[in-house]
Each structure stands twice: as C-alpha cells, then as structure tokens.
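Input: a single structure, listed below in structure tokens.
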Number of protein chains: 2
Amino acid sequence: MLMKDIIRKKREGQSLSSEEIRFWIRGVVDGSIPDYQSSALLMAIFFRGMQVPERRELTLAMRDSGKPLQLSHFQRFVIDKHSSGGIGDKTSIILAPWLASCGALVPMISGRGLGFTGGTLDKLESIPGFSVELSRDSSLKALQEHGFFFAGQSEEIAPADKKLYALRDVTETVEEISLITASILSKKLSEDLNGLVLDIKCGTGAFMKTQSEAEELAYSLVETAKAAGVACRALITRMDFPLGKMVGNLCEIYEALEFMKPDSRYFHLFQQKWKSHLAKTQPVLQINSVEDNLILVTTALACEMLSLSHGLNRNDALNLLESKWASGELLEHFYRAVRFQGGDLEKLSASLQEMHELYETAVEFVSPQEGYLVSCHGQLLGELLVRLGAGRRVAKDTIEPLVGMEMLACEGKKLAKGEPICRIYKPGMSREESALCENFLGKAFVLGPEPPIWQDYIIKTVA
Amino acid sequence: MLMKDIIRKKREGQSLSSEEIRFWIRGVVDGSIPDYQSSALLMAIFFRGMQVPERRELTLAMRDSGKPLQLSHFQRFVIDKHSSGGIGDKTSIILAPWLASCGALVPMISGRGLGFTGGTLDKLESIPGFSVELSRDSSLKALQEHGFFFAGQSEEIAPADKKLYALRDVTETVEEISLITASILSKKLSEDLNGLVLDIKCGTGAFMKTQSEAEELAYSLVETAKAAGVACRALITRMDFPLGKMVGNLCEIYEALEFMKPDSRYFHLFQQKWKSHLAKTQPVLQINSVEDNLILVTTALACEMLSLSHGLNRNDALNLLESKWASGELLEHFYRAVRFQGGDLEKLSASLQEMHELYETAVEFVSPQEGYLVSCHGQLLGELLVRLGAGRRVAKDTIEPLVGMEMLACEGKKLAKGEPICRIYKPGMSREESALCENFLGKAFVLGPEPPIWQDYIIKTVA
C-alpha cells in the first residue's frame, strides 16, 4: 500500500477503505509516513470530505493508536458528556458525580481551555492540591470506588490525534467536519464508552456561531459514534450569555459547589420551575435569574445521559436526579473525587472565603442607560478573561485561578441607568486592564428598548 | 507574513500576492518553510488553481531561486523551443543548430527521458564523449562562438522547481495546470529568453491524450510567458505514431544527422512537398513516408521560431531555413556543438556504422493480416523501449544507447499480410524480451479495412 495512492484516491473524491485509513494512522504514529504526505491528504480531505464509514474508521484507528481504557469487566454502563466549548460552562463538574451517584460509570477525560473558552481541567486545578494526572491504576480505582474521575488526556489516549492536530493547526486544515469528528470521538471512545451525550453550543460565545454549523457537527458526531457502536445523542444549546453566574476558574468551582448543595438556590429553582419545564408539562419559560440557564442546560444534559444509561423516561430521570441532589449524594460524590485526586477541602473552603471577600471589592460594570439586556457577545467576555489571566494565550502561560467574572444581571432583564450588569475580579488590576474591561464589556453587552424575543436554551435534540 | 495565512487564503480560493508567492518560494529553498506546509499549499492549489498573474509570479519566483543566465549583453534575440514530450521526437537536436545558423541565440537546456518518452540529453549522450554538463563559462563561450549549446539543468537553474517537483511527486499534486506551467517556464525563463516556441503534443504517444487538455496547457504557458515579458507561441501537434522513422537514443542521433544533411531524403521531401504545404500554397497533405511527420513538425516549429526571432513571414522563413540547410551550415553548426561539448565525430561515425549492421539483424514485426495501418498507441511503443533499456524505469538505471526501433511502414500505409511494420533492436535480446515485443507491438499497431481519416499534424496554433 502506498501513501501516494491514498492521497490520489481522496483527491479524486473517492472513499478510503478501512485498511487505507489504518495504514495512514499507523504511519503517522510510527513516523513511517512523512508529515508532508499527511498534510497533503489532510488538505484533500478538507476539499473532498469523508463519508460516515470513513469517519468511523478514522475515529477507531486514532483511538487504537493509543491504549484505550478497558472497562467492560465493571459490567456497568459507561457514559460521558462532551461539550464543544462555551463561556461559564461548568456542567461537566456537576454531571460526572451526578451520573455516578445514579450508578453509571463516568470516566471523564477533559481538556484545557481552548481559545476564548475555559477548560474543565483548568477549573479543577484551582482546587488546592487537586491533580488531573491520574495513572491508569488510579483511574480504575476511582471508577471502582466512586464511579467517576476527572483526568487530562495522557500519552496513552489517542496519540495519533495529538500528532495530527498539531499538523492540522499549521496547515489550515482544522475546520473540516470529518477531521473534527474523528478528533473528538477518538478521545472520547478511548474511554470504552457505552453512551455519549454531546452539548453542541451555538451562538456568540461558542465556536459555532450559526445553528446550521452546529447541526452539521452534531449530526456528524452522532452518526459516527453510532456507527462505532456507541449510543449517542446531541443537544444543540444556546451560548451567548455565560452559563450561570460565574466565569473563571475558582469562581466556577464555587458555583458548581453551590449548585450541588442539597438546599441551594439552584435546587429550589429546579424544583419550582425547571423540573416541570423539562418534563414538558410547562411551555418554554423565560429565564429571570443568572442561575437559570445553568440549571436548564445541566439538568437537560443529565436527563439525556440517564436516558441512555438507565433507559429512563424524562419524568423518571428527573425524579432520580432530584433525589440524588436532595439527599446530598451528588455533593458527596464530588467531594470524594476531590479527596481521591488530592484536593484539600479545607484549603478549598479558605480559598473560596478569600475569593468572596476579594470579589466584593471588584469594580462593577454598570448599565450606561436604561433598557433591556437583549444580547451578549460571549466571545468578547471569554477573550477579556483570557487576557486578564483566566486562560492561556500561549501554551506556557500560567492561569490565575482567582480571575473571574460574576454576572449581576441576567439576559432580558430591564435595567435602570447605572444598574450593575457584572463585575470582574483580577488581583491587582492595572489601569490598562480596567480600560480593557470597560472597552470589552461596553461591546459585549447590548441594551435595547424592548425585551428580547425569547429563544429556548435547548435549540434542538439530535438523536 | 505567515505561511498558515497563505495556505488559508488559497484554500478559500483567493489569489496570492507577489509577496506571498515569493515568501513561499524563498522559504522552500532556504528551508524555513517546512515541507508539510508546502504540500498543504500545493494541494490547496490543486483544488483552487491559480490565475495568470499568480502563475507569472510563481514562475519568476522559481526562476529567481537560482542564478538565471544573463544574455542581454549579446544583443541578439534569444530563443528556445520546449516540447511536452513524445515518441521519436528529435526536433530539438535539429532546431538549435538551425536557429543558431540563422543568427539567433539558442541556450538549449533540456531534460532526461520522463515516463515513456525519450529525453534530448539521453540521446545526445549516445554520441561518444559528448558531455551535457557545461559550466556557466562554457555555456557563454558556446553561445559566443556558434550561437547555441545543449545542456542539462545545473543546480543554478531554478532549484525551487527541483525541490517542489520532488514534493509534488510524492503528494499527488503533479497534474495541476498552474504548477505545471510554472515548473516548465521557470526553467525556460532561466535562459533569459526573448522568445519561446512550445510544441504541445497530443495523442496516444503524448502525456496529454486529448486536444482539450493540450489546449489548456498551451494557453496557460503562452499567456503566462507573455505576462512575464517573453514572446511565445505554441503549436499543438499530433503524437500517435513516432515522429520520424527512428525511436531510441543513438538511432535518433543518426536520424537527426540524416535530416540535417544538405542533400538528404528529408531535404528533398521538404523541397518537393512540405515547403509549399507550410507556405499555405497547398492544402493538407497526407504523409506517405516515415520521414514525413518529422519534416513537417520540425520545419513548422522552425518557422515559428524564426517568426519570433527575425519577424519573418512564413515564406521568407522557409527560404532562410532552406538556404541554411542546403548550404550545409545547419549540419556544420551541429558538428561544432558536438566537438565543443567533447563529442568524438570519428567514434560517432564508427558507432553509427556498427548500429546499422546490428539493426540489419533485428527481428521485424510484420503485419498479421492485410489492411491499412490506421492507428498507433504511441505510449506502448515508448513503454516497450524503456523496458528494453532505451529509458529509465528508476533514476539509477543506465541507458543502452543502441536499443531502438525503426519504423518500416508509415501511418495510413496499405499492408499485405506479413509485410514489415517496424523492427526493434536490443543487443542480446532474450526470449522473454522477444515475447514482450510481440505482445506490445501487437497492441500498439492497429490495422483497419479502410484508410484512416487524415488529420493534420499541426492541430492548432496558440499565439
């Protein structure tokens, strides 16, 4: 088999066989195929695309380039969630212990912040002592003992993806649907999943700005995962305003903890409002607090996961989730993982106390006029926080865990002139940084004379 | 300037600027741009193409990657001919001394055999002692003393083309019109040409099998050369049967010498038949000897070259060519070059004598039935001769100069059963090789019950 022939076949728009795709990926990993041939094939794929069977083979070949987890001996349903990335998205931190508390296995391998979005690993590392580097043995022990773990991608997980991604990045072949699909799924399928729920975000705070782009990715991921034997559903969710009230690292851990508490404001809003909405007994509801969209999206994703793992209908799923929340089992599962992975809960408590005091001193951004908060340019918020130190601009940057934003007004709220919209905290903020905040926030939040036309946060389900 | 941005721009179908193209080619040569980025750009060019201004810039950037000849101080018109490659094409060997004998400068830098076609350098090297490796000083001296030289491509001629061609070869990006155009013209324009005549061959013995492919290349080359300030014309010529009666290396030198003799059969056929045809005083003529198509194509190309270099009309050009032929100046110019480049005319004469005796012993391929010789699959003839040692299958193969074919029947001839069509000579031909000849020749020559419908060898002129 010659790489030249494989390039020509794709260049001519033909489908590649399983053998051809595996020959390529083996050669990428063992170095027998030079990068200049891989990049030519990547560009040919950019123009010609790949059919679902090719996407499946590419996914599996990339998965098998490493050492996938082997979890079938647990004889439990293995499930995970993947998000395409947004602003203030701490749902993974809540969903993993929640599903584990319900009896599923959740081997959650996550990523770092990418571009203007935050990363689950970075957020978890703001917990003093918490390590996301788990050995294979520790990962299995965590699953055995409390049903889930949070970890980064080790060298054993789909090394072909790492190599190819680096090559795609420098050859302008990143934005191609089959390559994106295989990159995401090769890592997720390395978790030996039975089921996968996808949160494909769409809007100003997401990588996909339009619904059609989000749908294309959602359908590709769902079809390819299914073709690879994994039950899969995707929710296309709206991402313009931040999800929840906090955006940052430590402050998102704070919000996730607040969410998980049995008697929290989040729990009560769920019981009073969102549970019946999700059970389809109430029509679309407008949000009226900064916590609402986080509750809605998190519980909708949890329902989809439970539907796959337990075969439960919506009502039964909501009841099971509510009971694990109300009993404290959700929070307790999270605490167990934190302790197992080296996190110091006392120090975390002290850090959060300090954070609250510091956030009280943060300068507020206020409404420059009277009006309704009609829209938000989420990417600008993300970019501002990255510049202030909540994310990385280059790989060697370190993250300042305390940097963050707190939303003080929710989407659609009617604001008087001078009423606060949000506050930004950064230790020792400079005058230039203050000016940067004013500039970015002035562009990010849009006020209008009329309330916005409401659009549900769950735009579509792809199954 | 970032290579990534250049790749993206072409990927999106935009035109690259002169600065961007020169940045790329500089980086290819100095190694600052890695091959994997060049190959991604090559594949993007394969799908998106290049406009004529981009083709011009790529040609000039590749030319300037080396040390082009500087010939303006000669204050003479500098002209060359380029052929897209065929079977039995020895026109370059005749045209260079002919144009030089008329007063033009012809710095003829040629190539080796490629695929199933022969190469001018390989043919010339069958002259004992002849060297195609000329220093820059010797090249200039040859031009000064007798107006032309024959040479291979030194390291100083368009090194970017050499690097890029090697990369295109392994990334399946060879067959793209703008890349082909720039590859051909960057080398030719390194000769500091004022004019260029192209022989774009079309048919079963050419790389371009259809007229539309040949026209696409011809228009691209002519437009790009003109955009780069070089007067240019292309003839699209038919290439199914071999050009002339000999195909090989030494035997093509023999035929070229026979052609150039003042009193040769070729000269008389020219005077009796082809001169008036080319002067447009006689309509399309059918060939009826194996020498006819070589005379027609060579003199047509010579007319185009003289038209560019001397501004002569067709009649005046034909008269000047005839006078240099009849006076022996054409042949004398060729002999001068042979001596200047180390060729031993006495040994050549002995080699040709030996060749004749050996060819007399060659096995003839005869017509298996009665009929008209209606068509020929030229590529099969070329492939057969390469297999017998007249060309290279891999770069390190050596060429056997004596291997060759002599046509004994011309296109359209009515043949009795058992009448000879051609003979193939190879020293010590094995039984397997004999069988190979029977097999290839049986497929290459097609007999029919009716004479073929005649088509002129000069299909079209692109100016």
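Going by the structure tokens order, chains are called A, B, ..., each with residues numbered from 1, while ligands are numbered from 1 in the order shown.
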### Query
Do you know which residues are at most 8 Å from Gly448 (chain A) counting only C-alpha atoms, after dropping those on the same chain fewer than 5 positions away, and could you put them as a PyMOL selection string?
chain A and resi 371-374
Could you turn the residues from that selection into a file that holds N, CA, C and O atoms, as a PDB file, in the first residue's frame?
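As written to disk, result.pdb reads:
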ATOM      1  N   GLY A 371     -32.672  50.289  29.822  1.00  0.00           N
ATOM      2  CA  GLY A 371     -33.006  49.418  28.699  1.00  0.00           C
ATOM      3  C   GLY A 371     -32.988  47.946  29.105  1.00  0.00           C
ATOM      4  O   GLY A 371     -32.632  47.597  30.229  1.00  0.00           O
ATOM      5  N   TYR A 372     -33.379  47.114  28.142  1.00  0.00           N
ATOM      6  CA  TYR A 372     -33.374  45.670  28.372  1.00  0.00           C
ATOM      7  C   TYR A 372     -32.026  45.101  27.923  1.00  0.00           C
ATOM      8  O   TYR A 372     -31.483  45.504  26.880  1.00  0.00           O
ATOM      9  N   LEU A 373     -31.521  44.123  28.721  1.00  0.00           N
ATOM     10  CA  LEU A 373     -30.263  43.456  28.348  1.00  0.00           C
ATOM     11  C   LEU A 373     -30.608  42.418  27.273  1.00  0.00           C
ATOM     12  O   LEU A 373     -30.975  41.279  27.589  1.00  0.00           O
ATOM     13  N   VAL A 374     -30.539  42.834  26.011  1.00  0.00           N
ATOM     14  CA  VAL A 374     -31.093  41.983  24.953  1.00  0.00           C
ATOM     15  C   VAL A 374     -30.095  40.961  24.400  1.00  0.00           C
ATOM     16  O   VAL A 374     -30.487  39.879  23.984  1.00  0.00           O
TER      17      VAL A 374
END
Could I get the residues of chain B with an atom no further than 6 Å from an atom of chain A, each paired with its nearest atom pair and that distance in Å to one decimal, using only C-alpha atoms, sorted by chain and residue number, as a Markdown table?
| residue | atom | partner | partner_atom | distance |
| --- | --- | --- | --- | --- |
| B:Lys4 | CA | A:Val170 | CA | 5.9 |
| B:Arg8 | CA | A:Glu172 | CA | 5.8 |
| B:Asp35 | CA | A:Tyr36 | CA | 5.4 |
| B:Tyr36 | CA | A:Tyr36 | CA | 3.7 |
| B:Gln37 | CA | A:Thr171 | CA | 5.5 |
| B:Ser39 | CA | A:Ala40 | CA | 5.3 |
| B:Ala40 | CA | A:Ala40 | CA | 4.9 |
| B:Met43 | CA | A:Ala40 | CA | 5.7 |
| B:Val170 | CA | A:Lys4 | CA | 5.9 |
| B:Thr171 | CA | A:Gln37 | CA | 5.5 |
| B:Glu172 | CA | A:Arg8 | CA | 5.8 |
As a check of understanding: the span from CA of Glu125 (chain B) to CA of Tyr165 (chain B) is 24.3 Å
Tell me, as a ChimeraX atom specification, which residues lie within 9 Å of Leu196 (chain A), counting only C-alpha atoms; anything in the same chain fewer than 6 positions away does not count. /A:78-82,188-189,222,225,230-234,305,308
Task: For Arg56 (chain B): contacts at 7 Å, only C-alpha atoms, fewer than 5 positions along chain excluded, given as a list of chain:residue names - done: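 My reading of the contact set: B:Thr224, B:Ala227, B:Ala228.
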Env of region 396-408 of chain A: 6 Å cut, atoms = only C-alpha atoms, seq-sep filter 2 positions within chain, self excluded. Answer as a VMD selection string. chain A and resid 126 245 to 250 389 to 392 394 421 to 426
With N, CA and C atoms retained, export the selected residues as a short mmCIF file (atom, residue, chain, number, x, y, z; two decimals), in the first residue's frame.
data_model
loop_
_atom_site.label_atom_id
_atom_site.label_comp_id
_atom_site.auth_asym_id
_atom_site.auth_seq_id
_atom_site.Cartn_x
_atom_site.Cartn_y
_atom_site.Cartn_z
N SER A 126 -7.87 24.69 40.13
CA SER A 126 -7.92 25.80 41.09
C SER A 126 -8.31 25.31 42.48
N LYS A 245 -23.80 32.12 36.71
CA LYS A 245 -23.41 33.49 37.05
C LYS A 245 -21.92 33.69 37.10
N MET A 246 -21.11 32.66 37.14
CA MET A 246 -19.67 32.81 37.28
C MET A 246 -18.92 32.35 36.03
N VAL A 247 -17.88 33.12 35.69
CA VAL A 247 -16.98 32.73 34.60
C VAL A 247 -15.55 32.90 35.10
N GLY A 248 -14.78 31.86 35.06
CA GLY A 248 -13.39 31.92 35.53
C GLY A 248 -12.96 30.52 35.91
N ASN A 249 -12.12 30.39 36.92
CA ASN A 249 -11.69 29.06 37.31
C ASN A 249 -12.18 28.75 38.73
N LEU A 250 -11.55 29.35 39.74
CA LEU A 250 -12.01 29.07 41.10
C LEU A 250 -13.48 29.47 41.28
N GLY A 389 -5.93 36.69 32.50
CA GLY A 389 -5.19 35.61 33.15
C GLY A 389 -6.00 34.39 33.49
N ALA A 390 -7.30 34.38 33.11
CA ALA A 390 -8.11 33.20 33.40
C ALA A 390 -7.89 32.08 32.40
N GLY A 391 -7.21 32.39 31.30
CA GLY A 391 -6.90 31.37 30.30
C GLY A 391 -5.51 31.62 29.75
N ARG A 392 -5.11 30.79 28.79
CA ARG A 392 -3.77 30.90 28.21
C ARG A 392 -3.84 31.49 26.82
N VAL A 394 -0.70 31.61 25.09
CA VAL A 394 0.23 30.61 24.54
C VAL A 394 0.35 29.50 25.57
N ILE A 421 -24.33 45.28 35.77
CA ILE A 421 -24.52 44.13 34.87
C ILE A 421 -23.60 42.98 35.30
N CYS A 422 -22.37 43.30 35.65
CA CYS A 422 -21.44 42.26 36.07
C CYS A 422 -20.29 42.89 36.84
N ARG A 423 -19.49 42.05 37.45
CA ARG A 423 -18.23 42.56 37.97
C ARG A 423 -17.10 41.61 37.58
N ILE A 424 -15.93 42.22 37.43
CA ILE A 424 -14.76 41.47 37.01
C ILE A 424 -13.74 41.57 38.13
N TYR A 425 -13.16 40.43 38.49
CA TYR A 425 -12.11 40.49 39.51
C TYR A 425 -10.80 39.98 38.94
N LYS A 426 -9.78 40.76 39.18
CA LYS A 426 -8.41 40.29 38.93
C LYS A 426 -7.52 40.89 40.01
#
d(CA of Pro128 (chain B), CA of Phe340 (chain B)) in Å: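 These two atoms are separated by 12.9 Å.
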